[in-house]
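Novice: So I've got this file, work22.cif, and it contains mmCIF, C-alpha atoms:
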```
data_run
loop_
_atom_site.label_atom_id
_atom_site.label_comp_id
_atom_site.auth_asym_id
_atom_site.auth_seq_id
_atom_site.Cartn_x
_atom_site.Cartn_y
_atom_site.Cartn_z
CA MET A 10 -50.13 47.94 49.53
CA TYR A 11 -48.98 51.33 48.42
CA ASN A 12 -46.80 52.29 45.49
CA VAL A 13 -43.32 53.35 46.48
CA LEU A 14 -42.65 54.54 42.95
CA GLU A 15 -45.02 55.71 40.25
CA ALA A 16 -43.92 56.87 36.84
CA GLU A 17 -46.46 58.25 34.42
CA ASN A 18 -45.75 59.06 30.83
CA LEU A 19 -42.13 59.80 31.69
CA CYS A 20 -40.08 61.35 28.88
CA LYS A 21 -36.45 62.39 28.66
CA SER A 22 -34.59 63.76 25.66
CA TYR A 23 -30.89 64.45 25.33
CA LEU A 24 -30.59 67.08 22.58
CA ASN A 25 -32.05 65.17 19.65
CA LYS A 26 -32.08 61.71 21.23
CA ARG A 27 -35.22 60.53 23.01
CA ALA A 28 -34.10 58.21 25.81
CA LEU A 29 -37.51 57.81 27.43
CA ARG A 30 -40.74 58.08 25.46
CA GLY A 31 -43.61 57.94 27.91
CA ALA A 32 -42.54 55.22 30.34
CA ASN A 33 -45.19 54.02 32.83
CA LEU A 34 -44.13 51.97 35.81
CA THR A 35 -45.23 51.31 39.39
CA ILE A 36 -43.54 49.47 42.24
CA GLN A 37 -45.33 48.36 45.38
CA GLN A 38 -43.84 48.29 48.82
CA GLY A 39 -42.05 45.06 49.66
CA ARG A 40 -41.44 44.07 46.04
CA ILE A 41 -38.36 43.51 43.93
CA LEU A 42 -38.76 44.66 40.35
CA GLY A 43 -36.46 43.65 37.52
CA LEU A 44 -36.12 46.39 34.91
CA LEU A 45 -34.92 44.48 31.89
CA GLY A 46 -33.70 45.77 28.59
CA PRO A 47 -30.68 45.83 26.32
CA ASN A 48 -28.03 48.56 26.33
CA GLY A 49 -29.43 51.91 25.29
CA SER A 50 -33.06 51.03 26.06
CA GLY A 51 -33.41 53.78 28.68
CA LYS A 52 -32.88 51.79 31.89
CA THR A 53 -30.16 53.96 33.34
CA THR A 54 -31.94 57.19 32.35
CA PHE A 55 -35.05 55.98 34.16
CA LEU A 56 -33.04 55.11 37.27
CA LYS A 57 -31.19 58.41 37.24
CA ILE A 58 -34.50 60.29 37.24
CA ALA A 59 -35.70 58.16 40.16
CA ALA A 60 -32.43 58.82 41.98
CA GLY A 61 -32.89 62.55 41.47
CA ILE A 62 -29.83 62.99 39.28
CA LEU A 63 -31.67 63.87 36.06
CA HIS A 64 -34.83 65.85 35.51
CA PRO A 65 -37.50 64.44 33.22
CA SER A 66 -38.34 66.44 30.09
CA SER A 67 -42.04 65.74 30.67
CA GLY A 68 -44.32 63.36 32.52
CA LYS A 69 -43.99 62.64 36.19
CA LEU A 70 -42.26 60.32 38.58
CA LEU A 71 -43.19 60.14 42.26
CA ILE A 72 -41.37 58.36 45.05
CA ASP A 73 -43.36 57.89 48.24
CA GLY A 74 -45.75 60.44 46.72
CA GLN A 75 -43.12 63.12 46.14
CA GLU A 76 -41.16 64.39 43.19
CA PRO A 77 -37.44 63.58 43.26
CA GLY A 78 -35.63 66.02 45.54
CA VAL A 79 -34.10 66.28 48.97
CA TYR A 80 -36.74 64.09 50.62
CA THR A 81 -36.69 61.32 48.04
CA LYS A 82 -32.90 61.23 48.03
CA SER A 83 -33.03 60.56 51.76
CA ILE A 84 -35.11 57.41 51.21
CA VAL A 85 -33.56 56.15 47.98
CA SER A 86 -30.32 54.18 48.04
CA TYR A 87 -28.81 54.17 44.56
CA LEU A 88 -26.11 51.94 43.15
CA PRO A 89 -24.92 53.57 39.92
CA ASP A 90 -23.20 51.51 37.27
CA THR A 91 -20.27 53.91 37.28
CA GLU A 92 -17.25 54.35 39.51
CA TYR A 93 -17.80 56.77 42.36
CA LEU A 94 -15.37 55.70 45.05
CA PHE A 95 -12.10 57.58 45.31
CA LYS A 96 -8.95 55.61 44.57
CA TRP A 97 -7.07 56.91 47.59
CA MET A 98 -9.66 55.49 49.97
CA LYS A 99 -9.38 52.40 52.06
CA ILE A 100 -12.58 50.37 52.42
CA LYS A 101 -13.07 51.73 55.93
CA ASP A 102 -12.76 55.28 54.59
CA ALA A 103 -15.50 54.52 52.07
CA VAL A 104 -17.69 53.29 54.93
CA GLN A 105 -16.97 56.50 56.87
CA TYR A 106 -17.76 58.56 53.76
CA PHE A 107 -21.18 56.93 53.48
CA LYS A 108 -21.78 57.32 57.19
CA ASP A 109 -21.07 61.05 56.97
CA PHE A 110 -23.30 61.42 53.95
CA TYR A 111 -26.39 59.44 54.90
CA SER A 112 -28.13 59.59 58.26
CA ASP A 113 -29.80 56.21 57.62
CA PHE A 114 -26.43 54.48 57.16
CA ASP A 115 -25.95 51.53 59.52
CA GLU A 116 -22.22 51.16 60.18
CA LYS A 117 -22.61 47.89 62.08
CA LYS A 118 -24.47 46.37 59.19
CA ALA A 119 -21.81 47.60 56.80
CA PHE A 120 -19.03 45.84 58.70
CA ALA A 121 -21.10 42.65 58.99
CA LEU A 122 -21.71 42.76 55.23
CA LEU A 123 -18.03 43.40 54.53
CA GLU A 124 -17.24 40.27 56.49
CA PHE A 125 -19.89 38.32 54.60
CA MET A 126 -18.37 39.54 51.32
CA LYS A 127 -14.91 38.63 52.62
CA LEU A 128 -13.63 42.17 52.17
CA ASP A 129 -10.89 43.55 54.42
CA ALA A 130 -11.69 47.02 55.77
CA ASN A 131 -8.01 47.95 55.50
CA SER A 132 -7.63 47.21 51.79
CA SER A 133 -7.37 50.20 49.56
CA VAL A 134 -10.03 50.77 46.93
CA LYS A 135 -7.55 50.88 44.09
CA SER A 136 -6.27 47.38 44.89
CA LEU A 137 -9.71 45.81 44.49
CA SER A 138 -10.68 43.64 41.55
CA LYS A 139 -13.82 44.46 39.61
CA GLY A 140 -15.83 41.83 41.48
CA MET A 141 -14.60 43.07 44.86
CA LYS A 142 -15.46 46.64 43.93
CA GLU A 143 -19.00 45.60 43.02
CA LYS A 144 -19.29 43.82 46.37
CA LEU A 145 -18.07 46.90 48.20
CA LYS A 146 -20.47 49.19 46.35
CA LEU A 147 -23.36 46.86 47.10
CA THR A 148 -22.33 46.64 50.76
CA LEU A 149 -22.46 50.42 51.05
CA VAL A 150 -25.79 50.75 49.29
CA LEU A 151 -27.48 47.94 51.24
CA SER A 152 -26.23 49.30 54.56
CA ARG A 153 -28.60 52.23 54.29
CA LYS A 154 -32.08 51.79 55.72
CA ALA A 155 -33.83 53.02 52.61
CA LYS A 156 -37.38 52.67 51.33
CA LEU A 157 -36.26 52.13 47.77
CA TYR A 158 -33.02 50.53 46.60
CA ILE A 159 -32.03 51.13 43.01
CA LEU A 160 -29.37 48.76 41.76
CA ASP A 161 -28.08 49.46 38.26
CA GLU A 162 -26.38 46.34 36.92
CA PRO A 163 -25.19 44.93 40.26
CA LEU A 164 -23.91 41.81 38.47
CA GLY A 165 -22.13 43.54 35.61
CA GLY A 166 -18.69 42.13 34.89
CA VAL A 167 -18.66 39.93 37.98
CA ASP A 168 -17.62 36.26 38.01
CA PRO A 169 -20.16 33.54 38.96
CA THR A 170 -18.92 33.05 42.55
CA ALA A 171 -19.08 36.76 43.28
CA ARG A 172 -22.50 36.82 41.61
CA GLU A 173 -23.78 34.25 44.10
CA LYS A 174 -22.47 36.30 47.02
CA ILE A 175 -24.13 39.39 45.65
CA LEU A 176 -27.45 37.58 45.17
CA ASP A 177 -27.26 36.18 48.72
CA ALA A 178 -26.57 39.64 50.09
CA ILE A 179 -29.55 41.06 48.21
CA ILE A 180 -31.91 38.32 49.45
CA ASN A 181 -30.66 38.45 53.05
CA ASN A 182 -30.92 42.19 53.30
CA PHE A 183 -34.19 42.72 51.57
CA SER A 184 -36.99 43.73 53.93
CA GLU A 185 -40.73 43.79 53.38
CA ASN A 186 -40.79 47.48 54.25
CA SER A 187 -38.60 48.43 51.33
CA SER A 188 -38.60 47.90 47.59
CA MET A 189 -35.94 47.35 44.99
CA ILE A 190 -35.43 48.02 41.31
CA ILE A 191 -32.68 45.97 39.75
CA THR A 192 -31.56 46.32 36.16
CA THR A 193 -29.66 43.63 34.39
CA HIS A 194 -29.18 41.94 31.10
CA LEU A 195 -28.03 38.76 32.85
CA VAL A 196 -31.63 37.73 33.36
CA ASN A 197 -30.97 34.04 33.84
CA ASP A 198 -28.81 34.51 36.93
CA ILE A 199 -31.22 36.67 38.81
CA GLU A 200 -34.78 36.05 37.62
CA ARG A 201 -35.79 34.05 40.70
CA ILE A 202 -35.43 37.05 42.97
CA PHE A 203 -37.88 39.23 41.04
CA ASP A 204 -41.50 39.66 42.10
CA GLU A 205 -42.23 41.74 39.08
CA VAL A 206 -40.49 42.34 35.81
CA ALA A 207 -40.75 45.23 33.38
CA PHE A 208 -39.29 45.09 29.89
CA ILE A 209 -38.04 48.39 28.57
CA SER A 210 -37.44 48.90 24.88
CA ASP A 211 -36.60 52.16 23.13
CA GLY A 212 -37.63 54.23 26.12
CA GLU A 213 -40.99 52.55 26.66
CA ILE A 214 -42.15 49.88 29.08
CA VAL A 215 -43.45 47.25 26.69
CA LEU A 216 -44.48 44.64 29.27
CA GLN A 217 -44.83 44.65 33.03
CA GLY A 218 -46.10 41.78 35.13
CA ASN A 219 -45.75 39.44 38.07
CA ALA A 220 -42.88 37.05 37.31
CA GLU A 221 -44.75 33.93 38.48
CA GLU A 222 -47.91 34.82 36.53
CA LEU A 223 -45.83 35.40 33.40
CA ARG A 224 -44.19 31.98 33.80
CA LEU A 225 -47.60 30.37 34.29
CA ASN A 226 -49.34 32.15 31.42
CA LYS A 227 -46.57 32.00 28.86
CA ASN A 228 -45.02 28.72 29.94
CA LYS A 229 -41.64 30.39 29.60
CA SER A 230 -38.87 31.53 31.86
CA ILE A 231 -38.32 35.27 32.23
CA ASP A 232 -35.03 34.76 30.42
CA GLU A 233 -36.82 33.21 27.45
CA LEU A 234 -39.41 35.97 27.46
CA TYR A 235 -36.60 38.51 27.45
CA ARG A 236 -35.06 36.89 24.41
CA GLU A 237 -38.43 36.87 22.70
CA VAL A 238 -39.13 40.53 23.39
CA PHE A 239 -35.65 41.68 22.37
CA GLN A 240 -34.80 39.32 19.56
CA MET B 13 -32.53 21.37 50.74
CA GLU B 14 -31.20 21.35 47.20
CA LEU B 15 -33.61 22.13 44.42
CA GLU B 16 -33.07 22.46 40.69
CA PHE B 17 -35.65 24.84 39.32
CA ASP B 18 -37.29 24.83 35.96
CA ASP B 19 -37.70 28.54 35.33
CA LYS B 20 -40.53 27.90 32.89
CA MET B 21 -42.82 27.01 35.76
CA PRO B 22 -43.85 29.19 38.70
CA ILE B 23 -41.17 28.84 41.35
CA TYR B 24 -43.66 28.71 44.25
CA LEU B 25 -45.38 25.64 42.76
CA GLN B 26 -42.03 23.86 42.49
CA ILE B 27 -41.22 24.66 46.11
CA MET B 28 -44.67 23.38 47.17
CA ASP B 29 -44.13 20.16 45.21
CA ARG B 30 -40.79 19.63 46.84
CA ILE B 31 -42.18 20.06 50.35
CA LYS B 32 -45.12 17.76 49.54
CA MET B 33 -42.64 15.20 48.26
CA ASP B 34 -40.57 15.44 51.45
CA ILE B 35 -43.70 14.92 53.52
CA ALA B 36 -44.89 11.99 51.39
CA THR B 37 -41.51 10.28 51.68
CA GLU B 38 -41.41 11.11 55.40
CA LYS B 39 -38.26 13.16 55.21
CA LEU B 40 -40.46 15.71 56.91
CA LYS B 41 -42.71 14.38 59.65
CA ALA B 42 -45.80 15.72 61.40
CA ASN B 43 -45.00 18.81 63.49
CA ASP B 44 -41.49 19.19 62.06
CA LYS B 45 -40.56 22.83 61.78
CA LEU B 46 -39.88 24.14 58.28
CA PRO B 47 -37.01 26.61 57.81
CA SER B 48 -38.16 30.22 58.08
CA VAL B 49 -39.11 32.03 54.90
CA ARG B 50 -35.88 34.01 55.10
CA GLU B 51 -33.66 30.95 55.65
CA MET B 52 -35.31 29.02 52.87
CA ALA B 53 -35.14 32.00 50.49
CA THR B 54 -31.40 32.24 51.10
CA ILE B 55 -30.83 28.52 50.67
CA LEU B 56 -32.83 28.35 47.44
CA LYS B 57 -31.76 31.82 46.25
CA VAL B 58 -35.28 32.94 45.51
CA ASN B 59 -37.35 35.97 46.44
CA PRO B 60 -38.68 35.76 50.04
CA ASN B 61 -42.16 36.68 48.75
CA THR B 62 -42.11 33.56 46.56
CA LEU B 63 -41.39 31.43 49.63
CA GLN B 64 -44.12 33.23 51.53
CA ARG B 65 -46.56 32.39 48.80
CA ALA B 66 -45.54 28.71 48.76
CA TYR B 67 -46.00 28.47 52.55
CA GLN B 68 -49.34 30.28 52.41
CA GLU B 69 -50.65 27.97 49.71
CA LEU B 70 -49.51 24.90 51.67
CA GLU B 71 -51.27 26.29 54.71
CA ARG B 72 -54.44 26.90 52.71
CA LEU B 73 -54.34 23.25 51.64
CA GLY B 74 -53.97 22.19 55.27
CA ILE B 75 -50.56 20.63 54.68
CA VAL B 76 -48.68 22.95 57.04
CA TYR B 77 -49.76 25.21 59.87
CA THR B 78 -48.29 28.41 61.26
CA GLN B 79 -47.86 29.33 64.88
CA ARG B 80 -47.45 33.00 65.48
CA GLY B 81 -43.90 33.87 66.32
CA MET B 82 -42.88 30.21 66.22
CA GLY B 83 -42.78 29.35 62.56
CA THR B 84 -44.35 26.98 60.07
CA PHE B 85 -44.83 23.30 60.88
CA VAL B 86 -45.83 20.17 59.02
CA GLY B 87 -49.49 19.35 59.67
CA GLU B 88 -50.64 16.17 61.37
CA ARG B 89 -53.87 15.58 59.50
CA LYS B 90 -54.91 11.92 59.28
CA HIS B 91 -54.08 10.20 56.00
CA MET B 92 -52.12 13.23 54.81
CA ILE B 93 -49.14 11.17 53.70
CA ASP B 94 -51.36 8.73 51.81
CA ASP B 95 -53.32 11.56 50.25
CA LEU B 96 -50.14 13.29 49.10
CA LYS B 97 -48.76 10.05 47.72
CA GLN B 98 -51.98 9.39 45.82
CA GLU B 99 -52.02 12.91 44.47
CA MET B 100 -48.44 12.76 43.27
CA ALA B 101 -48.82 9.24 41.88
CA LYS B 102 -51.80 10.42 39.88
CA GLU B 103 -49.77 13.25 38.36
CA VAL B 104 -46.95 10.88 37.38
CA ILE B 105 -49.33 8.30 35.91
CA ASP B 106 -51.47 10.83 34.06
CA SER B 107 -48.50 12.41 32.37
CA PHE B 108 -47.05 8.97 31.59
CA ILE B 109 -50.27 7.77 29.98
CA LEU B 110 -50.62 10.99 28.03
CA ARG B 111 -47.12 10.71 26.63
CA MET B 112 -47.52 7.04 25.77
CA LYS B 113 -50.74 7.83 23.93
CA ARG B 114 -48.99 10.55 22.02
CA LEU B 115 -46.43 7.96 20.98
CA GLY B 116 -49.34 5.94 19.57
CA PHE B 117 -49.61 3.17 22.19
CA SER B 118 -53.01 1.62 22.83
CA GLU B 119 -54.29 1.05 26.36
CA GLU B 120 -53.40 -2.65 26.25
CA GLU B 121 -49.93 -1.86 24.96
CA ILE B 122 -49.37 0.69 27.73
CA ILE B 123 -50.30 -1.86 30.40
CA ALA B 124 -48.19 -4.52 28.72
CA SER B 125 -45.19 -2.22 28.55
CA ILE B 126 -45.52 -1.44 32.25
CA SER B 127 -45.63 -5.12 33.20
CA LYS B 128 -42.63 -5.80 31.02
CA ASN B 129 -40.50 -2.95 32.33
CA ILE B 130 -41.43 -3.08 35.99
CA THR B 131 -39.27 -6.18 36.56
CA GLU B 132 -36.32 -4.57 34.78
CA VAL B 133 -36.58 -1.32 36.74
CA ASN B 134 -36.84 -3.36 39.94
CA LYS B 135 -33.39 -4.80 39.29
CA HIS B 136 -31.86 -1.33 39.33
CA VAL B 137 -33.63 0.16 42.33
#
```
As structure tokens, please, write out the structure in this file.

Specialist:
Amino acid sequence: MYNVLEAENLCKSYLNKRALRGANLTIQQGRILGLLGPNGSGKTTFLKIAAGILHPSSGKLLIDGQEPGVYTKSIVSYLPDTEYLFKWMKIKDAVQYFKDFYSDFDEKKAFALLEFMKLDANSSVKSLSKGMKEKLKLTLVLSRKAKLYILDEPLGGVDPTAREKILDAIINNFSENSSMIITTHLVNDIERIFDEVAFISDGEIVLQGNAEELRLNKNKSIDELYREVFQ
Amino acid sequence: MELEFDDKMPIYLQIMDRIKMDIATEKLKANDKLPSVREMATILKVNPNTLQRAYQELERLGIVYTQRGMGTFVGERKHMIDDLKQEMAKEVIDSFILRMKRLGFSEEEIIASISKNITEVNKHV
């Protein structure tokens, strides 16, 4: 088992705010890691460094043994928690846009996933509800054949039925050759798909472990542990 | 297969228990094929690695066997059903006795309460 991602003593400051203060984290191949923490704990900053969008102030982060850059971007599929699709696009344009951008994009898979999500390729992006937009974004991100998928709040603001679809899509499309990091604060809905969980608080990883071992040793659900750590 | 999980306990143990239960009650019979790890993970909405672990543990215990490229099947070991029933009965009884003792019942009282209630429960089953 090799580590797809390794972060060592990772720090990031924005002017006078320290978003990450020496975060250490590893993810093995074939594992799904839940990065759990409240708003402002440093989750998104961490993910942005892994996605190659931000540079760390100090410390290091390696993906497949390399620092974030052109190579790592080609093997990392990132779902940001912000809007990045253009309003004028139809869904099929968004698919084309991804296909043009990423050589590992599987168009067939994208259309199969769209069908699974019950999205019409001819709908325009601006007509989509929040839940539908999340489903579309996830479809695009999962249709790449990446080594590491980074999903920032894939369940944010989505109703329970759409949540189930999204979870199903994640489980069905996860392969043992890839890894995933998923952030959320809706721990309860998603804890059963994590192999590992890492709790991040004030820019530091305060606890990382195998989800099943944590349940066994603490006699608590991951959701309960979360509440305990962040009370 | 529907399964309500208790997230306080390891998920793979709960999946193992459920499969053992289905074998003990003969919902699953010798040489029946279990759903693939992927299928089962989707049905139960759990991580495929968790399913893998449950299947591996069941195989280690000799309850299921794997055939390369074919899938996972229920074993046909002699007395397996009886053994599983005994094992599960013991768990139920142990936890029952423990809880009764915590409530302050003596051994005689526990036995008496079983005799008393068994006829009542019978009416409802």

Novice: Write out as a short mmCIF file (atom, residue, chain, number, x, y, z; two decimals) with C-alpha atoms, in the frame of the given file every residue belonging to chain B that has an atom at most 12 Å from any atom of chain A, counting all atoms listed in the file.

Specialist:
```cif
data_model
loop_
_atom_site.label_atom_id
_atom_site.label_comp_id
_atom_site.auth_asym_id
_atom_site.auth_seq_id
_atom_site.Cartn_x
_atom_site.Cartn_y
_atom_site.Cartn_z
CA GLU B 16 -33.07 22.46 40.69
CA PHE B 17 -35.65 24.84 39.32
CA ASP B 18 -37.29 24.83 35.96
CA ASP B 19 -37.70 28.54 35.33
CA LYS B 20 -40.53 27.90 32.89
CA MET B 21 -42.82 27.01 35.76
CA PRO B 22 -43.85 29.19 38.70
CA ILE B 23 -41.17 28.84 41.35
CA TYR B 24 -43.66 28.71 44.25
CA LEU B 25 -45.38 25.64 42.76
CA GLN B 26 -42.03 23.86 42.49
CA VAL B 49 -39.11 32.03 54.90
CA ARG B 50 -35.88 34.01 55.10
CA GLU B 51 -33.66 30.95 55.65
CA MET B 52 -35.31 29.02 52.87
CA ALA B 53 -35.14 32.00 50.49
CA THR B 54 -31.40 32.24 51.10
CA ILE B 55 -30.83 28.52 50.67
CA LEU B 56 -32.83 28.35 47.44
CA LYS B 57 -31.76 31.82 46.25
CA VAL B 58 -35.28 32.94 45.51
CA ASN B 59 -37.35 35.97 46.44
CA PRO B 60 -38.68 35.76 50.04
CA ASN B 61 -42.16 36.68 48.75
CA THR B 62 -42.11 33.56 46.56
CA LEU B 63 -41.39 31.43 49.63
CA GLN B 64 -44.12 33.23 51.53
CA ARG B 65 -46.56 32.39 48.80
CA ALA B 66 -45.54 28.71 48.76
#
```

Novice: Report, in Å to a single decimal, how far apart CA of Met10 in chain A and CA of Ile36 in chain A are.

Specialist: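 According to the coordinates, CA of Ile36 in chain A and CA of Met10 in chain A are separated by 9.9 Å.
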
Novice: Residues within 9 Å of Gly46 in chain A, please, as a PyMOL selection string. Count all atoms listed in the file; anything in the same chain fewer than 5 positions from it doesn't count.

Specialist: chain A and resi 51-52+192-194+207-211+235+239

Novice: Any chance you could resolve the PyMOL selection byres ((chain B and resi 123-135) around 12) against this file and give the residues as a VMD selection string?

Specialist: chain B and resid 105 108 to 109 112 to 113 117 to 122 136 to 137

Novice: Between CA of Gln105 in chain A and CA of Val85 in chain A, measure the distance and give it in Å to one decimal.

Specialist: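 Between these atoms lies a distance of 18.8 Å.
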
Novice: Emit as AutoDock Vina command-line options the padded axis-aligned box for all listed atoms of range 116-126 of chain A, 3 Å per side, with centre and edge lengths in Å to one decimal.

Specialist:
```
--center_x -20.9 --center_y 44.7 --center_z 56.7 --size_x 13.2 --size_y 18.8 --size_z 16.8
```

Novice: Tell me which of A:Gly31, A:Gly74, A:Gly140, A:Gly218 sits closest to Val206 in chain A, counting all atoms listed in the file.

Specialist: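 Under the stated criterion, the closest residue is A:Gly218.
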
Novice: Distance CA of Val150 in chain A-CA of Ala32 in chain A, one decimal place?

Specialist: 25.7 Å

Novice: With the PyMOL selection byres ((chain B and resi 85) around 7) as the selection, what would be picked from this file? Answer as a ChimeraX atom specification, please.

Specialist: /B:43-46,76-78,83-84,86-87
